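S.K.: What follows is protein_22.cif, mmCIF, C-alpha atoms.
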data_structure
loop_
_atom_site.label_atom_id
_atom_site.label_comp_id
_atom_site.auth_asym_id
_atom_site.auth_seq_id
_atom_site.Cartn_x
_atom_site.Cartn_y
_atom_site.Cartn_z
CA MET D 1 91.88 98.98 -5.16
CA LYS D 2 93.21 95.48 -5.75
CA LEU D 3 92.58 93.04 -2.91
CA LEU D 4 94.15 89.60 -2.70
CA ARG D 5 94.95 86.67 -0.45
CA PHE D 6 98.41 85.21 0.03
CA GLY D 7 100.03 82.27 1.77
CA THR D 8 99.86 78.49 1.77
CA PRO D 9 96.55 76.80 0.83
CA GLY D 10 94.05 77.00 3.68
CA GLN D 11 96.16 79.53 5.58
CA GLU D 12 95.91 82.56 3.31
CA ARG D 13 96.02 86.06 4.74
CA PRO D 14 94.37 89.18 3.32
CA GLY D 15 96.38 91.70 1.37
CA MET D 16 96.26 94.56 -1.07
CA LEU D 17 98.40 95.78 -3.93
CA ASP D 18 100.11 99.12 -3.39
CA ALA D 19 100.74 101.78 -6.05
CA GLN D 20 104.10 100.19 -6.89
CA GLY D 21 102.53 96.77 -7.49
CA GLN D 22 103.83 95.31 -4.24
CA VAL D 23 101.74 93.09 -1.97
CA ARG D 24 100.91 94.55 1.44
CA ASP D 25 99.63 92.56 4.44
CA LEU D 26 96.12 93.51 5.61
CA SER D 27 95.87 90.90 8.38
CA GLY D 28 96.33 93.57 11.05
CA VAL D 29 93.24 95.34 9.71
CA ILE D 30 90.84 92.56 8.62
CA ASP D 31 90.69 88.80 9.10
CA ASP D 32 90.19 87.80 5.47
CA ILE D 33 88.71 88.82 2.11
CA THR D 34 85.17 87.43 2.42
CA GLY D 35 81.64 88.68 1.93
CA LYS D 36 81.93 90.55 5.22
CA THR D 37 84.82 92.57 3.80
CA LEU D 38 82.99 93.59 0.65
CA SER D 39 80.36 96.03 1.87
CA ALA D 40 80.69 99.57 0.56
CA GLU D 41 81.54 100.79 4.06
CA SER D 42 84.26 98.19 4.57
CA LEU D 43 85.80 98.84 1.15
CA SER D 44 85.81 102.58 1.84
CA ARG D 45 87.75 102.02 5.06
CA LEU D 46 90.31 99.88 3.26
CA ALA D 47 90.67 102.41 0.45
CA ALA D 48 91.46 105.10 3.01
CA LEU D 49 94.45 103.18 4.40
CA ASP D 50 98.00 104.28 3.71
CA SER D 51 99.20 101.13 1.96
CA GLN D 52 102.84 102.13 2.48
CA SER D 53 102.32 101.74 6.23
CA LEU D 54 101.30 98.07 5.87
CA PRO D 55 103.85 95.24 6.12
CA LEU D 56 105.45 94.29 2.81
CA VAL D 57 104.98 90.69 1.61
CA ASP D 58 107.72 88.75 -0.18
CA SER D 59 107.02 88.87 -3.91
CA ALA D 60 107.61 85.10 -4.16
CA THR D 61 104.72 84.31 -1.80
CA ARG D 62 101.91 82.21 -3.30
CA LEU D 63 98.65 83.99 -4.10
CA GLY D 64 95.43 82.25 -3.12
CA PRO D 65 91.89 82.71 -4.46
CA CYS D 66 91.13 86.43 -4.23
CA VAL D 67 87.95 85.87 -2.18
CA ASN D 68 87.28 83.25 0.49
CA GLN D 69 84.12 81.54 1.75
CA VAL D 70 82.37 81.80 -1.63
CA GLY D 71 78.79 80.69 -1.10
CA LYS D 72 77.76 80.32 -4.73
CA PHE D 73 79.91 79.98 -7.84
CA ILE D 74 77.48 80.74 -10.66
CA CYS D 75 78.43 80.47 -14.33
CA ILE D 76 76.88 81.81 -17.50
CA GLY D 77 77.20 79.69 -20.62
CA LEU D 78 77.33 80.79 -24.27
CA ASN D 79 77.43 84.48 -23.32
CA TYR D 80 79.52 85.48 -26.36
CA ALA D 81 77.76 84.99 -29.68
CA ASP D 82 80.94 83.92 -31.48
CA HIS D 83 81.71 81.33 -28.77
CA ALA D 84 78.20 79.91 -29.14
CA ALA D 85 78.82 79.63 -32.87
CA GLU D 86 82.14 77.77 -32.44
CA SER D 87 80.36 75.40 -30.04
CA GLY D 88 77.68 74.73 -32.66
CA LEU D 89 74.95 76.14 -30.44
CA ALA D 90 72.43 78.95 -30.82
CA VAL D 91 72.80 82.28 -29.02
CA PRO D 92 70.51 81.90 -25.99
CA ALA D 93 67.41 84.06 -25.62
CA GLU D 94 68.04 84.12 -21.86
CA PRO D 95 71.22 83.46 -19.90
CA VAL D 96 72.30 79.82 -19.61
CA VAL D 97 72.93 79.32 -15.89
CA PHE D 98 74.88 76.51 -14.23
CA MET D 99 76.82 76.08 -11.00
CA LYS D 100 80.47 75.32 -10.48
CA ALA D 101 81.37 73.55 -7.24
CA THR D 102 83.04 75.86 -4.73
CA SER D 103 85.51 73.02 -4.05
CA ALA D 104 86.86 73.76 -7.56
CA ILE D 105 88.21 77.14 -6.40
CA THR D 106 92.01 77.49 -6.34
CA GLY D 107 94.62 80.20 -6.51
CA PRO D 108 95.44 81.90 -9.81
CA ASN D 109 98.75 80.10 -10.28
CA ASP D 110 97.96 76.76 -8.67
CA PRO D 111 98.17 73.60 -10.82
CA VAL D 112 95.12 72.43 -12.76
CA ILE D 113 94.53 68.76 -12.05
CA LYS D 114 93.60 66.61 -15.04
CA PRO D 115 90.85 64.32 -13.69
CA ARG D 116 91.01 60.55 -13.97
CA ASN D 117 89.67 59.36 -17.34
CA SER D 118 89.76 62.91 -18.73
CA THR D 119 90.27 63.10 -22.50
CA LYS D 120 88.90 66.57 -23.36
CA LEU D 121 90.27 69.07 -20.85
CA ASP D 122 89.64 72.65 -21.99
CA TRP D 123 90.15 76.30 -21.01
CA GLU D 124 87.94 79.40 -20.80
CA VAL D 125 89.12 82.87 -19.75
CA GLU D 126 86.23 84.76 -18.13
CA LEU D 127 85.42 87.97 -16.32
CA GLY D 128 84.24 87.23 -12.79
CA ILE D 129 81.78 89.38 -10.83
CA VAL D 130 82.06 89.41 -7.04
CA ILE D 131 78.87 90.37 -5.19
CA GLY D 132 79.14 92.98 -2.42
CA LYS D 133 75.69 92.98 -0.80
CA HIS D 134 72.54 90.88 -0.60
CA ALA D 135 70.63 91.05 -3.88
CA SER D 136 67.09 89.83 -4.38
CA TYR D 137 64.74 90.94 -7.20
CA VAL D 138 67.14 93.70 -8.20
CA GLU D 139 66.24 96.08 -11.02
CA GLU D 140 68.76 96.22 -13.84
CA ASN D 141 69.33 99.96 -13.43
CA GLU D 142 70.34 99.37 -9.79
CA ALA D 143 72.30 96.16 -10.27
CA MET D 144 75.77 97.72 -10.35
CA ASP D 145 75.26 98.84 -6.74
CA TYR D 146 75.43 95.17 -5.73
CA ILE D 147 78.80 94.47 -7.35
CA ALA D 148 81.90 94.80 -5.16
CA GLY D 149 84.39 94.13 -7.94
CA TYR D 150 85.73 91.85 -10.62
CA CYS D 151 88.40 89.20 -11.13
CA VAL D 152 89.95 86.86 -13.68
CA ILE D 153 88.52 83.32 -13.81
CA ASN D 154 89.64 80.28 -15.77
CA ASP D 155 86.45 78.24 -16.21
CA VAL D 156 88.35 74.99 -16.74
CA SER D 157 86.10 72.38 -18.36
CA GLU D 158 86.15 68.67 -19.20
CA ARG D 159 84.10 68.53 -22.41
CA GLU D 160 83.41 64.79 -22.42
CA PHE D 161 82.13 64.97 -18.84
CA GLN D 162 80.17 68.12 -19.70
CA LEU D 163 78.61 67.18 -23.03
CA GLU D 164 78.78 63.42 -23.54
CA ARG D 165 77.97 61.90 -20.17
CA GLY D 166 74.30 62.88 -19.90
CA GLY D 167 72.53 65.28 -17.55
CA GLN D 168 73.60 68.84 -16.88
CA TRP D 169 76.92 70.57 -17.52
CA ASP D 170 77.99 70.68 -13.88
CA LYS D 171 79.91 67.39 -13.86
CA GLY D 172 82.33 68.76 -16.46
CA LYS D 173 82.75 72.08 -14.69
CA GLY D 174 83.21 71.40 -10.99
CA CYS D 175 86.23 69.10 -10.72
CA ASP D 176 88.90 70.01 -8.19
CA SER D 177 91.10 72.89 -9.42
CA PHE D 178 88.64 73.89 -12.18
CA GLY D 179 88.05 77.38 -10.74
CA PRO D 180 91.19 79.53 -10.42
CA LEU D 181 90.22 82.98 -9.07
CA GLY D 182 92.40 86.07 -9.12
CA PRO D 183 95.09 87.19 -8.75
CA TYR D 184 93.14 90.21 -7.56
CA LEU D 185 89.66 91.29 -6.65
CA VAL D 186 89.59 94.63 -8.45
CA THR D 187 87.03 96.96 -6.91
CA LYS D 188 84.49 98.36 -9.33
CA ASP D 189 85.74 101.95 -9.00
CA GLU D 190 88.81 100.80 -10.97
CA VAL D 191 86.65 99.28 -13.71
CA PRO D 192 84.58 102.15 -15.13
CA ASP D 193 83.33 100.06 -18.06
CA PRO D 194 83.32 96.28 -17.54
CA LEU D 195 81.99 95.94 -21.08
CA ASN D 196 85.19 97.30 -22.61
CA LEU D 197 87.93 94.97 -21.40
CA ASN D 198 90.34 92.85 -23.40
CA LEU D 199 90.69 89.24 -22.23
CA TRP D 200 93.10 86.63 -23.55
CA LEU D 201 94.46 83.14 -23.00
CA LYS D 202 97.56 81.30 -24.23
CA VAL D 203 98.47 77.60 -24.10
CA ASN D 204 102.18 76.82 -24.25
CA GLY D 205 102.80 80.36 -25.51
CA LYS D 206 100.27 80.21 -28.34
CA THR D 207 97.34 82.65 -28.19
CA PHE D 208 93.99 80.88 -28.50
CA GLN D 209 91.61 83.46 -27.02
CA ASN D 210 91.83 87.21 -27.64
CA GLY D 211 88.49 88.93 -27.21
CA SER D 212 86.63 91.77 -25.57
CA THR D 213 83.85 91.89 -23.04
CA ASN D 214 82.03 94.24 -25.43
CA GLN D 215 80.92 91.08 -27.24
CA MET D 216 78.92 89.77 -24.28
CA VAL D 217 75.30 88.90 -25.03
CA PHE D 218 74.26 89.76 -21.46
CA GLY D 219 76.31 92.30 -19.49
CA PRO D 220 77.13 92.32 -15.77
CA ALA D 221 74.22 94.55 -14.72
CA PHE D 222 71.69 92.39 -16.55
CA LEU D 223 73.19 89.19 -15.15
CA VAL D 224 72.95 90.40 -11.54
CA HIS D 225 69.37 91.54 -12.19
CA TYR D 226 68.46 88.29 -13.94
CA LEU D 227 69.98 85.91 -11.40
CA SER D 228 68.38 87.78 -8.52
CA GLN D 229 64.95 86.84 -9.91
CA PHE D 230 65.71 83.15 -9.26
CA MET D 231 67.96 83.17 -6.19
CA SER D 232 69.26 85.71 -3.74
CA LEU D 233 72.88 86.68 -4.24
CA GLN D 234 75.02 87.00 -1.13
CA PRO D 235 78.19 89.01 -0.44
CA GLY D 236 81.13 86.99 -1.69
CA ASP D 237 79.18 85.07 -4.33
CA VAL D 238 81.00 84.83 -7.66
CA ILE D 239 79.48 84.98 -11.15
CA SER D 240 81.60 83.82 -14.09
CA THR D 241 80.25 85.66 -17.11
CA GLY D 242 81.20 83.49 -20.09
CA THR D 243 84.10 83.21 -22.50
CA PRO D 244 85.04 84.58 -25.93
CA PRO D 245 85.85 82.25 -28.84
CA GLY D 246 89.05 80.27 -29.02
CA VAL D 247 88.42 77.40 -26.62
CA GLY D 248 89.92 74.00 -27.41
CA LEU D 249 86.53 72.55 -28.34
CA GLY D 250 86.19 75.15 -31.08
CA GLN D 251 89.48 74.42 -32.84
CA LYS D 252 89.45 72.43 -36.07
CA PRO D 253 90.35 69.79 -35.13
CA PRO D 254 89.71 70.28 -31.40
CA VAL D 255 92.74 70.82 -29.15
CA TYR D 256 92.69 69.65 -25.54
CA LEU D 257 95.03 70.00 -22.59
CA ASN D 258 97.52 67.37 -21.50
CA VAL D 259 99.75 66.97 -18.45
CA GLY D 260 102.58 69.50 -18.64
CA ASP D 261 100.70 72.08 -20.69
CA VAL D 262 100.86 75.67 -19.43
CA MET D 263 97.95 78.12 -19.52
CA GLU D 264 98.48 81.87 -19.19
CA LEU D 265 95.49 84.19 -19.16
CA GLY D 266 94.46 87.67 -18.13
CA ILE D 267 92.05 90.55 -18.36
CA GLU D 268 93.01 94.16 -18.95
CA GLY D 269 93.82 95.82 -15.61
CA MET D 270 93.11 92.69 -13.57
CA GLY D 271 96.33 90.75 -13.63
CA VAL D 272 97.46 87.43 -15.06
CA GLN D 273 97.04 83.78 -14.12
CA ARG D 274 99.38 80.90 -14.93
CA GLN D 275 98.55 77.22 -14.45
CA VAL D 276 100.42 74.01 -15.25
CA VAL D 277 98.32 70.90 -15.94
CA VAL D 278 99.25 68.02 -13.63
CA ALA D 279 98.08 64.42 -13.32
CA CYS D 280 95.45 63.44 -10.78
#
Could you render the structure as C-alpha cells?
M.R.:
Amino acid sequence: MKLLRFGTPGQERPGMLDAQGQVRDLSGVIDDITGKTLSAESLSRLAALDSQSLPLVDSATRLGPCVNQVGKFICIGLNYADHAAESGLAVPAEPVVFMKATSAITGPNDPVIKPRNSTKLDWEVELGIVIGKHASYVEENEAMDYIAGYCVINDVSEREFQLERGGQWDKGKGCDSFGPLGPYLVTKDEVPDPLNLNLWLKVNGKTFQNGSTNQMVFGPAFLVHYLSQFMSLQPGDVISTGTPPGVGLGQKPPVYLNVGDVMELGIEGMGVQRQVVVAC
C-alpha cells in the first residue's frame, strides 16, 4: 500500500495510490497520515478498502510530505562505506546520529531553498524509515515489527554550514526545505527486503548517485534497535538511513547546487522526487 498526502501546503489531505497508479482521496476515512494512522490495525483497515470506491484526485494536484506531525527526524551519517570514503572519513564503529529539524520537511516536488550565504549546497538520496509504534529498548530481531513503512528522502545539506562552521552537523542539515519526504509512504509489506533496493539521484539530467541499500553499514532493523537504546521512537518518527556515494562533496573537484538546478531522485518501488533550487 502506498499512502500519500495531497493539496496545498498546510492543507494536505490523506490519500492512497490505487492499482492503476491514480491518487485516491482518503479524507472520508481518516483525517491525515500521522502516527495515529500507522498502527498495524489502522493500516490493515486501510488495506482492506476498495480503492476504486474512493474519490479520484486530479493527477496535477501537488503532493505533500507523505507523513504529517513528524515528532523526530533522525538521520544516520556515513552509513555507506563508500560514501564515508569519498567524504574522507572512517567507517563508523557505531551509527553516527544527528537530528534534522522537522521544519525542514517539505513535499517531494517542492522547491529547495538555497539559504542565504550558502556556497556548498549538496544532495543525498536516502531510504527513510517511518515508525509505526512506540519503540523503547527494542531487540534487533523484533525491530521490524516497529516499522510502518519506508519513503524516499533527499537529505539536502549545506556542507560549509555542516563542516566548517564549528559544532555539530545539524546547522547544515536543518534549513527550511532540506527534508523532502515522499512521494509515498510505502508500507513494509510491499518492501520484502529493504536491503536490496536501488537508489539514484540526478542533477540537471546527469546521474551522480546510483547505489543499493545492500551497501549499508547498519541496516534498518539494527538502526531501530540501536536508536531505541538512547531515545524512545514514536509513531510517525522518521529515520533517514544514509546515502550512497556520489554526493557533490565527493566529486573531484566538488560540485555544488546553484539556483535553477534540478534534482531528480528515487528508490526502487517508492516513486520519484523532483526539486528545483530557488533563491532564499
S.K.: Which is closest to Met270 of chain D among D:Val23, D:Leu3, D:Met231, D:Met144, if we use all atoms listed in the file?
M.R.: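 Of the candidates, the smallest distance to Met270 of chain D is held by D:Leu3.
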S.K.: On this file, the PyMOL selection byres ((chain D and resi 12-14) around 8) gives some set of residues; write that set as a ChimeraX atom specification.
M.R.: /D:3-11,15-16,25-27,30-33,64
S.K.: Interatomic distance between atom CA of Pro194 of chain D and atom CA of Ser232 of chain D?
M.R.: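 Result for atom CA of Pro194 of chain D versus atom CA of Ser232 of chain D: 22.4 Å, one decimal.
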S.K.: On this file, the PyMOL selection byres ((chain D and resi 237) around 6) gives some set of residues; write that set as JSON, numbers by chain.
M.R.: {"D": [70, 71, 72, 130, 131, 234, 235, 236, 238]}
S.K.: Kindly save the residues from that selection, with C-alpha atoms included, as a PDB file, keeping the file's coordinate frame.
M.R.:
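What landed in out18.pdb:
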ATOM      1  CA  VAL D  70      82.370  81.800  -1.630  1.00  0.00           C
ATOM      2  CA  GLY D  71      78.790  80.690  -1.100  1.00  0.00           C
ATOM      3  CA  LYS D  72      77.760  80.320  -4.730  1.00  0.00           C
ATOM      4  CA  VAL D 130      82.060  89.410  -7.040  1.00  0.00           C
ATOM      5  CA  ILE D 131      78.870  90.370  -5.190  1.00  0.00           C
ATOM      6  CA  GLN D 234      75.020  87.000  -1.130  1.00  0.00           C
ATOM      7  CA  PRO D 235      78.190  89.010  -0.440  1.00  0.00           C
ATOM      8  CA  GLY D 236      81.130  86.990  -1.690  1.00  0.00           C
ATOM      9  CA  VAL D 238      81.000  84.830  -7.660  1.00  0.00           C
TER      10      VAL D 238
END
S.K.: Under the PyMOL selection byres ((chain D and resi 105) around 6), which residues of this model are included? Write them out as number ranges by chain.
M.R.: D: 102-104, 106, 177, 179-180
S.K.: Would you please work out which residue, of D:Pro108, D:Gly28, D:Gly88, D:Gly149, is nearest to Gln251 of chain D when using only C-alpha atoms?
M.R.: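 Checking each of D:Pro108, D:Gly28, D:Gly88, D:Gly149 against Gln251 of chain D, counting only C-alpha atoms, the winner is D:Gly88.
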S.K.: Looking at D:Leu249, D:Val29, D:Val278, D:Val217, which one is nearest to Pro95 of chain D, with distances taken over only C-alpha atoms?
M.R.: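 For Pro95 of chain D, the nearest of the given residues is D:Val217.
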S.K.: Anything within 12 Å of (84.1, 68.1, -12.9): list those residues as a ChimeraX atom specification, counting only C-alpha atoms and sticking to the file's coordinates.
M.R.: /D:99-105,112-118,120-122,155-163,165,168-179
S.K.: To one decimal place in Å, what is the distance between atom CA of Thr207 of chain D and atom CA of Pro220 of chain D?
M.R.: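 A separation of 25.6 Å between them.
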S.K.: Just give me the gap between atom CA of Leu43 of chain D and atom CA of Leu181 of chain D in Å, one decimal is fine.
M.R.: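 Distance reported for this atom pair: 19.4 Å.
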S.K.: I want to know what sits within 12 Å of Gly128 of chain D, based on all atoms listed in the file, with residues of the same chain fewer than 4 positions away left out; could you give that as an MDAnalysis selection string?
M.R.: chainID D and resid 66:67 73:76 124 147:155 179:188 194 199 213 219:220 223:224 236:243 266:267 270
S.K.: Please provide the set of residues having any atom within 12 Å of Leu89 of chain D, restricted to only C-alpha atoms, with same-chain residues fewer than 4 positions apart removed, written as a ChimeraX atom specification.
M.R.: /D:77-85,93,96,250
S.K.: Please reconstruct the missing atoms of segment 128-139 of chain D (target: all heavy atoms) and return them as a short mmCIF file (atom, residue, chain, number, x, y, z; two decimals), keeping the file's coordinate frame.
M.R.:
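What follows is the written file out33.cif:
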data_model
loop_
_atom_site.label_atom_id
_atom_site.label_comp_id
_atom_site.auth_asym_id
_atom_site.auth_seq_id
_atom_site.Cartn_x
_atom_site.Cartn_y
_atom_site.Cartn_z
N GLY D 128 85.03 87.59 -13.96
CA GLY D 128 84.24 87.23 -12.79
C GLY D 128 83.67 88.45 -12.09
O GLY D 128 84.35 89.48 -11.98
N ILE D 129 82.43 88.34 -11.65
CA ILE D 129 81.78 89.38 -10.83
C ILE D 129 81.77 88.89 -9.40
O ILE D 129 81.41 87.74 -9.13
CB ILE D 129 80.33 89.61 -11.29
CG1 ILE D 129 80.28 90.12 -12.73
CG2 ILE D 129 79.60 90.56 -10.34
CD1 ILE D 129 78.87 90.11 -13.32
N VAL D 130 82.14 89.75 -8.45
CA VAL D 130 82.06 89.41 -7.04
C VAL D 130 80.99 90.29 -6.40
O VAL D 130 81.05 91.52 -6.49
CB VAL D 130 83.41 89.60 -6.33
CG1 VAL D 130 83.31 89.17 -4.87
CG2 VAL D 130 84.51 88.81 -7.05
N ILE D 131 80.01 89.66 -5.78
CA ILE D 131 78.87 90.37 -5.19
C ILE D 131 79.28 91.02 -3.86
O ILE D 131 80.01 90.42 -3.06
CB ILE D 131 77.69 89.41 -4.99
CG1 ILE D 131 77.20 88.87 -6.34
CG2 ILE D 131 76.54 90.09 -4.25
CD1 ILE D 131 76.67 89.93 -7.28
N GLY D 132 78.78 92.24 -3.63
CA GLY D 132 79.14 92.98 -2.42
C GLY D 132 78.05 93.11 -1.38
O GLY D 132 78.33 93.39 -0.22
N LYS D 133 76.78 92.92 -1.78
CA LYS D 133 75.69 92.98 -0.80
C LYS D 133 74.52 92.13 -1.28
O LYS D 133 74.40 91.83 -2.46
CB LYS D 133 75.26 94.42 -0.54
CG LYS D 133 74.62 95.15 -1.70
CD LYS D 133 74.18 96.55 -1.28
CE LYS D 133 73.52 97.32 -2.43
NZ LYS D 133 73.05 98.66 -1.99
N HIS D 134 73.67 91.76 -0.33
CA HIS D 134 72.54 90.88 -0.60
C HIS D 134 71.68 91.46 -1.73
O HIS D 134 71.30 92.63 -1.70
CB HIS D 134 71.69 90.75 0.67
CG HIS D 134 70.46 89.93 0.50
ND1 HIS D 134 70.40 88.59 0.79
CD2 HIS D 134 69.22 90.27 0.05
CE1 HIS D 134 69.19 88.14 0.53
NE2 HIS D 134 68.45 89.13 0.09
N ALA D 135 71.41 90.61 -2.71
CA ALA D 135 70.63 91.05 -3.88
C ALA D 135 69.47 90.09 -4.10
O ALA D 135 69.67 88.89 -4.27
CB ALA D 135 71.52 91.09 -5.12
N SER D 136 68.28 90.63 -4.11
CA SER D 136 67.09 89.83 -4.38
C SER D 136 66.11 90.69 -5.16
O SER D 136 65.78 91.79 -4.73
CB SER D 136 66.46 89.34 -3.07
OG SER D 136 65.33 88.54 -3.32
N TYR D 137 65.67 90.21 -6.32
CA TYR D 137 64.74 90.94 -7.20
C TYR D 137 65.24 92.36 -7.49
O TYR D 137 64.54 93.35 -7.29
CB TYR D 137 63.34 90.96 -6.59
CG TYR D 137 62.76 89.58 -6.44
CD1 TYR D 137 62.65 88.98 -5.18
CD2 TYR D 137 62.33 88.86 -7.54
CE1 TYR D 137 62.14 87.69 -5.05
CE2 TYR D 137 61.81 87.57 -7.42
CZ TYR D 137 61.71 87.01 -6.16
OH TYR D 137 61.20 85.73 -6.04
N VAL D 138 66.49 92.42 -7.94
CA VAL D 138 67.14 93.70 -8.20
C VAL D 138 66.75 94.19 -9.60
O VAL D 138 66.72 93.43 -10.56
CB VAL D 138 68.67 93.52 -8.11
CG1 VAL D 138 69.40 94.76 -8.60
CG2 VAL D 138 69.08 93.18 -6.69
N GLU D 139 66.49 95.48 -9.71
CA GLU D 139 66.24 96.08 -11.02
C GLU D 139 67.57 96.26 -11.76
O GLU D 139 68.61 96.53 -11.14
CB GLU D 139 65.55 97.44 -10.87
CG GLU D 139 64.17 97.37 -10.24
CD GLU D 139 63.17 96.60 -11.08
OE1 GLU D 139 63.33 96.57 -12.32
OE2 GLU D 139 62.25 95.99 -10.50
#
